[in-house]
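Text of data-v1.txt (compact mmCIF, C-alpha atoms) as supplied:
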# COMPACT_ATOMS: atom_id res chain seq x y z
CA MET A 1444 -158.11 8.60 -82.45
CA ASN A 1445 -157.54 6.63 -79.24
CA VAL A 1446 -154.69 4.16 -79.82
CA LEU A 1447 -154.12 3.42 -76.12
CA LEU A 1448 -155.88 0.10 -76.51
CA PHE A 1449 -153.29 -1.18 -78.95
CA ASN A 1450 -150.46 -0.15 -76.63
CA TYR A 1451 -152.08 -1.94 -73.68
CA LEU A 1452 -152.23 -5.16 -75.67
CA CYS A 1453 -148.41 -5.23 -75.68
CA LYS A 1454 -148.58 -6.23 -72.03
CA PHE A 1455 -151.65 -8.40 -71.87
CA ILE A 1456 -151.39 -10.81 -74.81
CA PRO A 1457 -150.79 -14.14 -73.01
CA CYS A 1458 -148.56 -15.83 -75.62
CA GLU A 1459 -144.98 -14.54 -75.29
CA LEU A 1460 -144.10 -15.19 -78.94
CA CYS A 1461 -147.25 -13.46 -80.15
CA ARG A 1462 -146.71 -10.60 -77.73
CA ASN A 1463 -143.17 -10.05 -79.03
CA HIS A 1464 -144.39 -10.03 -82.64
CA TYR A 1465 -147.09 -7.54 -81.75
CA VAL A 1466 -144.61 -5.27 -79.94
CA LYS A 1467 -142.47 -5.17 -83.10
CA GLU A 1468 -145.50 -4.13 -85.15
CA ILE A 1469 -146.30 -1.36 -82.66
CA GLU A 1470 -142.69 -0.16 -82.72
CA LEU A 1471 -142.81 0.15 -86.50
CA ARG A 1472 -145.65 2.65 -86.10
CA ARG A 1473 -144.37 4.32 -82.95
CA ASN A 1474 -144.03 7.76 -84.54
CA GLN A 1475 -146.96 7.48 -86.91
CA GLN A 1476 -150.54 8.39 -86.16
CA PHE A 1477 -153.59 6.74 -87.66
CA ASN A 1478 -155.40 9.39 -89.65
CA ASP A 1479 -158.77 7.67 -89.62
CA ALA A 1480 -160.58 4.44 -88.81
CA ASP A 1481 -159.94 3.03 -92.30
CA GLU A 1482 -156.19 3.36 -91.87
CA LEU A 1483 -156.37 1.57 -88.51
CA PHE A 1484 -158.56 -1.13 -90.08
CA GLU A 1485 -155.99 -1.72 -92.83
CA TRP A 1486 -153.11 -1.84 -90.35
CA LEU A 1487 -154.86 -4.48 -88.24
CA TRP A 1488 -155.62 -6.48 -91.39
CA SER A 1489 -151.94 -6.29 -92.35
CA VAL A 1490 -150.82 -7.48 -88.90
CA LYS A 1491 -153.27 -10.38 -89.02
CA ASN A 1492 -152.05 -11.28 -92.51
CA LYS A 1493 -148.51 -11.61 -91.18
CA VAL A 1494 -149.86 -13.90 -88.48
CA ASN A 1495 -151.60 -16.02 -91.10
CA ALA A 1496 -148.38 -16.24 -93.12
CA ARG A 1497 -146.43 -17.48 -90.08
CA THR A 1498 -149.08 -20.04 -89.16
CA LYS A 1499 -149.88 -20.98 -92.77
CA ALA A 1500 -153.51 -20.03 -92.17
CA MET A 1501 -155.85 -18.79 -94.87
CA SER A 1502 -155.94 -15.02 -95.36
CA ILE A 1503 -158.80 -12.87 -96.58
CA ALA A 1504 -158.32 -10.05 -99.08
CA LEU A 1505 -158.77 -6.54 -97.69
CA ASP A 1506 -161.51 -5.64 -100.17
CA VAL A 1507 -163.42 -8.84 -99.34
CA LEU A 1508 -163.16 -8.09 -95.63
CA LYS A 1509 -164.44 -4.55 -96.14
CA LYS A 1510 -167.37 -5.82 -98.20
CA ARG A 1511 -168.20 -8.29 -95.43
CA PHE A 1512 -168.43 -5.43 -92.94
CA GLU A 1513 -170.54 -3.37 -95.32
CA LEU A 1514 -172.91 -6.29 -95.87
CA HIS A 1515 -173.23 -7.61 -92.32
CA GLY A 1516 -172.38 -4.56 -90.25
CA ARG A 1517 -169.67 -4.29 -87.63
CA LEU A 1518 -170.65 -7.45 -85.81
CA ILE A 1519 -168.79 -8.33 -82.61
CA ASP A 1520 -169.18 -11.61 -80.75
CA GLU A 1521 -169.70 -10.41 -77.19
CA VAL A 1522 -169.06 -13.85 -75.68
CA ALA A 1523 -165.74 -14.29 -77.49
CA LEU A 1524 -164.67 -10.78 -76.45
CA ALA A 1525 -165.65 -11.34 -72.81
CA ASP A 1526 -163.81 -14.68 -72.74
CA THR A 1527 -160.74 -13.04 -74.26
CA LEU A 1528 -160.71 -10.38 -71.52
CA VAL A 1529 -160.93 -13.07 -68.84
CA ILE A 1530 -157.95 -14.93 -70.31
CA MET A 1531 -155.96 -11.68 -70.52
CA ALA A 1532 -156.87 -10.82 -66.92
CA ILE A 1533 -155.78 -14.21 -65.56
CA HIS A 1534 -152.53 -14.04 -67.54
CA ALA A 1535 -151.86 -10.50 -66.31
CA GLU A 1536 -152.57 -11.42 -62.70
CA GLU A 1537 -149.98 -14.19 -62.89
CA SER A 1538 -147.34 -12.55 -65.07
CA VAL A 1539 -147.47 -8.74 -65.22
CA ARG A 1540 -146.19 -6.78 -62.23
CA ASN A 1541 -148.38 -3.89 -61.03
CA PHE A 1542 -150.58 -4.28 -64.08
CA TRP A 1543 -153.96 -3.49 -62.53
CA PRO A 1544 -154.10 0.29 -63.28
CA GLU A 1545 -153.35 -0.25 -66.98
CA PHE A 1546 -155.69 -3.23 -67.25
CA GLU A 1547 -158.43 -1.15 -65.68
CA GLN A 1548 -157.74 1.65 -68.16
CA MET A 1549 -157.77 -0.81 -71.05
CA CYS A 1550 -161.20 -2.10 -70.02
CA GLY A 1551 -162.43 1.49 -69.82
CA VAL A 1552 -161.17 2.18 -73.35
CA ILE A 1553 -162.82 -1.00 -74.68
CA SER A 1554 -166.08 -0.07 -72.97
CA ARG A 1555 -166.08 3.35 -74.63
CA MET A 1556 -165.02 2.03 -78.05
CA LEU A 1557 -167.62 -0.74 -78.32
CA PRO A 1558 -170.48 0.33 -80.60
CA CYS A 1559 -173.95 0.82 -79.13
CA MET A 1560 -175.43 -2.47 -80.28
CA ASN A 1561 -178.02 -4.51 -78.39
CA ASN A 1562 -175.79 -7.55 -77.97
CA LEU A 1563 -172.95 -5.39 -76.56
CA SER A 1564 -174.85 -3.23 -74.06
CA LEU A 1565 -174.37 -5.62 -71.15
CA LEU A 1566 -170.65 -6.09 -71.82
CA LYS A 1567 -170.13 -2.32 -72.27
CA SER A 1568 -171.52 -1.69 -68.79
CA THR A 1569 -170.09 -4.66 -66.90
CA ILE A 1570 -166.46 -4.20 -68.01
CA HIS A 1571 -166.37 -0.46 -67.30
CA PRO A 1572 -164.16 0.14 -64.22
CA ASN A 1573 -166.70 2.57 -62.74
CA ASN A 1574 -169.02 -0.40 -62.33
CA TRP A 1575 -166.35 -2.24 -60.35
CA ARG A 1576 -165.58 0.70 -58.05
CA THR A 1577 -169.21 1.16 -57.08
CA SER A 1578 -169.85 -2.52 -56.49
CA SER A 1579 -170.69 -3.65 -52.98
CA LEU A 1580 -168.25 -6.54 -53.43
CA LYS A 1581 -165.26 -4.36 -52.64
CA SER A 1582 -163.13 -7.20 -51.33
CA ILE A 1583 -163.32 -9.19 -54.55
CA VAL A 1584 -160.24 -9.15 -56.76
CA PHE A 1585 -160.41 -7.49 -60.17
CA VAL A 1586 -160.11 -10.76 -62.11
CA GLU A 1587 -163.32 -11.95 -60.51
CA PHE A 1588 -165.10 -8.85 -61.79
CA VAL A 1589 -164.00 -9.67 -65.34
CA ILE A 1590 -165.10 -13.29 -64.89
CA GLN A 1591 -168.48 -12.13 -63.55
CA ALA A 1592 -168.86 -9.88 -66.60
CA ALA A 1593 -168.17 -12.84 -68.91
CA GLN A 1594 -170.60 -15.02 -66.99
CA ALA A 1595 -173.30 -12.36 -67.25
CA VAL A 1596 -172.76 -12.13 -71.02
CA ARG A 1597 -172.74 -15.92 -71.41
CA ASN A 1598 -175.97 -16.09 -69.43
CA THR A 1599 -177.72 -14.14 -72.21
CA ARG A 1600 -176.97 -16.92 -74.71
CA GLN A 1601 -179.17 -19.96 -74.58
CA GLY A 1602 -177.49 -23.34 -74.41
CA ILE A 1603 -173.89 -22.36 -73.54
CA LEU A 1604 -172.00 -23.07 -70.36
CA ILE A 1605 -171.41 -20.55 -67.59
CA LEU A 1606 -167.67 -20.99 -67.13
CA GLN A 1607 -165.78 -20.67 -63.86
CA ARG A 1608 -162.24 -19.43 -63.32
CA SER A 1609 -160.95 -23.02 -63.21
CA ASP A 1610 -162.42 -23.64 -66.68
CA TYR A 1611 -160.54 -20.68 -68.16
CA VAL A 1612 -157.32 -21.74 -66.43
CA ASP A 1613 -157.68 -25.27 -67.81
CA ILE A 1614 -158.16 -23.90 -71.31
CA MET A 1615 -155.10 -21.66 -70.99
CA LYS A 1616 -153.02 -24.63 -69.89
CA MET A 1617 -154.35 -26.69 -72.76
CA GLN A 1618 -153.38 -24.02 -75.26
CA ALA A 1619 -149.86 -23.91 -73.85
CA ASN A 1620 -149.47 -27.68 -73.95
CA THR A 1621 -147.87 -29.20 -77.03
CA ASP A 1622 -150.26 -32.12 -76.74
CA SER A 1623 -153.31 -29.83 -76.71
CA LYS A 1624 -155.02 -31.70 -79.56
CA ASN A 1625 -155.42 -34.83 -77.46
CA LYS A 1626 -156.68 -32.87 -74.47
CA LYS A 1627 -159.12 -30.95 -76.65
CA ARG A 1628 -160.90 -34.16 -77.65
CA ARG A 1629 -161.75 -34.84 -74.00
CA LEU A 1630 -163.46 -31.47 -73.51
CA SER A 1631 -167.15 -30.76 -74.03
CA PRO A 1632 -168.14 -29.11 -77.34
CA GLU A 1633 -168.63 -25.80 -75.53
CA LYS A 1634 -165.14 -25.90 -74.04
CA ASN A 1635 -163.77 -26.90 -77.43
CA LYS A 1636 -165.27 -23.71 -78.82
CA LEU A 1637 -163.77 -21.63 -76.02
CA SER A 1638 -160.37 -23.20 -76.56
CA ASP A 1639 -160.51 -21.81 -80.08
CA VAL A 1640 -161.26 -18.40 -78.59
CA ALA A 1641 -158.26 -18.79 -76.31
CA GLY A 1642 -156.12 -19.43 -79.35
CA LYS A 1643 -157.42 -16.30 -81.00
CA VAL A 1644 -156.30 -14.27 -78.00
CA HIS A 1645 -152.78 -15.02 -79.23
CA PHE A 1646 -153.66 -13.42 -82.57
CA TYR A 1647 -151.59 -16.18 -84.18
Please lay out the structure from this file as structure tokens.
Amino acid sequence: MNVLLFNYLCKFIPCELCRNHYVKEIELRRNQQFNDADELFEWLWSVKNKVNARTKAMSIALDVLKKRFELHGRLIDEVALADTLVIMAIHAEESVRNFWPEFEQMCGVISRMLPCMNNLSLLKSTIHPNNWRTSSLKSIVFVEFVIQAAQAVRNTRQGILILQRSDYVDIMKMQANTDSKNKKRRLSPEKNKLSDVAGKVHFY
């Protein structure tokens, strides 16, 4: 099973506190392999439960979560995922030295791991690094490719904004600001929703 993705996240989670917590969880499993997808599923649930305990958020029982997947299928919100990758890319560009090769590899892993579902087909293709290498826009920086992928995905949803880099940066600043609640009230409903996505990037 490919666990590279979970190692890459150690570098690209924007929130320093959350990143440090996640690194500790990875270290606890450093010498242990996941035997199957169910074991990985349970580990991620356990990590998220610890997050919920720290933030006093509501947790969901493992059996309830599994039943939800069995009932509704392995649904993935392609817009939330694309927005998350943009926020990670902007953070990495500003904070992580020589990160591009690993970020590129992470996007390749995500592209391969995403299930073949209609709502994910566009994201699967646009975030794959091969798509970036063959693009005629060779002078564009990698972050712009990720933003373009998110914009393309957002364009498939009726009634939501096509966000620019400045919008994502504003949301990241808002999340880092202790007075973010007051700033959030001044944003449009669509940006309010994305600010929640930005918070989820922290996993906490």
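The space between CA of Met1617 (chain A) and CA of His1534 (chain A) spans 13.8 Å.
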Which protein, DNA or RNA residues have an atom at most 9 Å from (-166.8, -9.3, -73.3), counting only C-alpha atoms? List them as a ChimeraX atom specification. /A:1520-1529,1563,1565-1567,1569-1570,1589,1592-1593,1596
Which of A:Met1615, A:Ile1533, A:Pro1544, A:Ser1568 sits closest to Val1586 (chain A) [using only C-alpha atoms]: A:Ile1533
When you count all atoms listed in the file, which of these residues is closest to Cys1559 (chain A): A:Asn1541, A:Leu1518, A:Phe1585, A:Thr1498? A:Leu1518
CA of Met1531 (chain A) and CA of Pro1457 (chain A), how far apart in Å? 6.2 Å
Nearest residue to Val1612 (chain A) from the set A:Ile1530, A:Gln1594, A:Asn1495, A:Arg1473 (distances using only C-alpha atoms): A:Ile1530
At a cut-off of 9 Å around the point (-147.8, -22.4, -76.7) (file coordinates), what residues fall inside when counting all atoms listed in the file? I'd like the answer as an NGL selection string. :A and (1458-1460 or 1616-1621)
Interatomic distance (Å, one decimal) between CA of Tyr1451 (chain A) and CA of Met1549 (chain A): 6.4 Å
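In terms of minimum interatomic distance to Phe1477 (chain A), A:Phe1449 ranks closest within A:Ser1554, A:Asn1492, A:Phe1449, A:Val1539, counting only C-alpha atoms.
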Exercise: region 1501-1515 of chain A partners within 12 Å, only C-alpha atoms, chain neighbours under 3 positions left out, as a ChimeraX atom specification: /A:1481-1482,1484-1498,1518-1519,1647
Please provide as a VMD selection string all residues within 10 Å of Asn1463 (chain A), with the sequence filter that same-chain residues fewer than 6 positions apart are discarded (counting only C-alpha atoms). chain A and resid 1453 to 1454 1456 1469
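For Cys1550 (chain A), the list of residues within 8 Å, based on only C-alpha atoms and with local chain neighbours fewer than 2 positions off taken out, reads Phe1546, Glu1547, Gln1548, Val1552, Ile1553, Ser1554, Ile1570, His1571 and Pro1572 of chain A.
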Listed atoms of region 1468-1478 of chain A boxed axis-aligned with 3 Å per side, centre + edges as JSON:
{"center_x": -149.0, "center_y": 2.6, "center_z": -86.2, "size_x": 18.7, "size_y": 19.5, "size_z": 13.0}
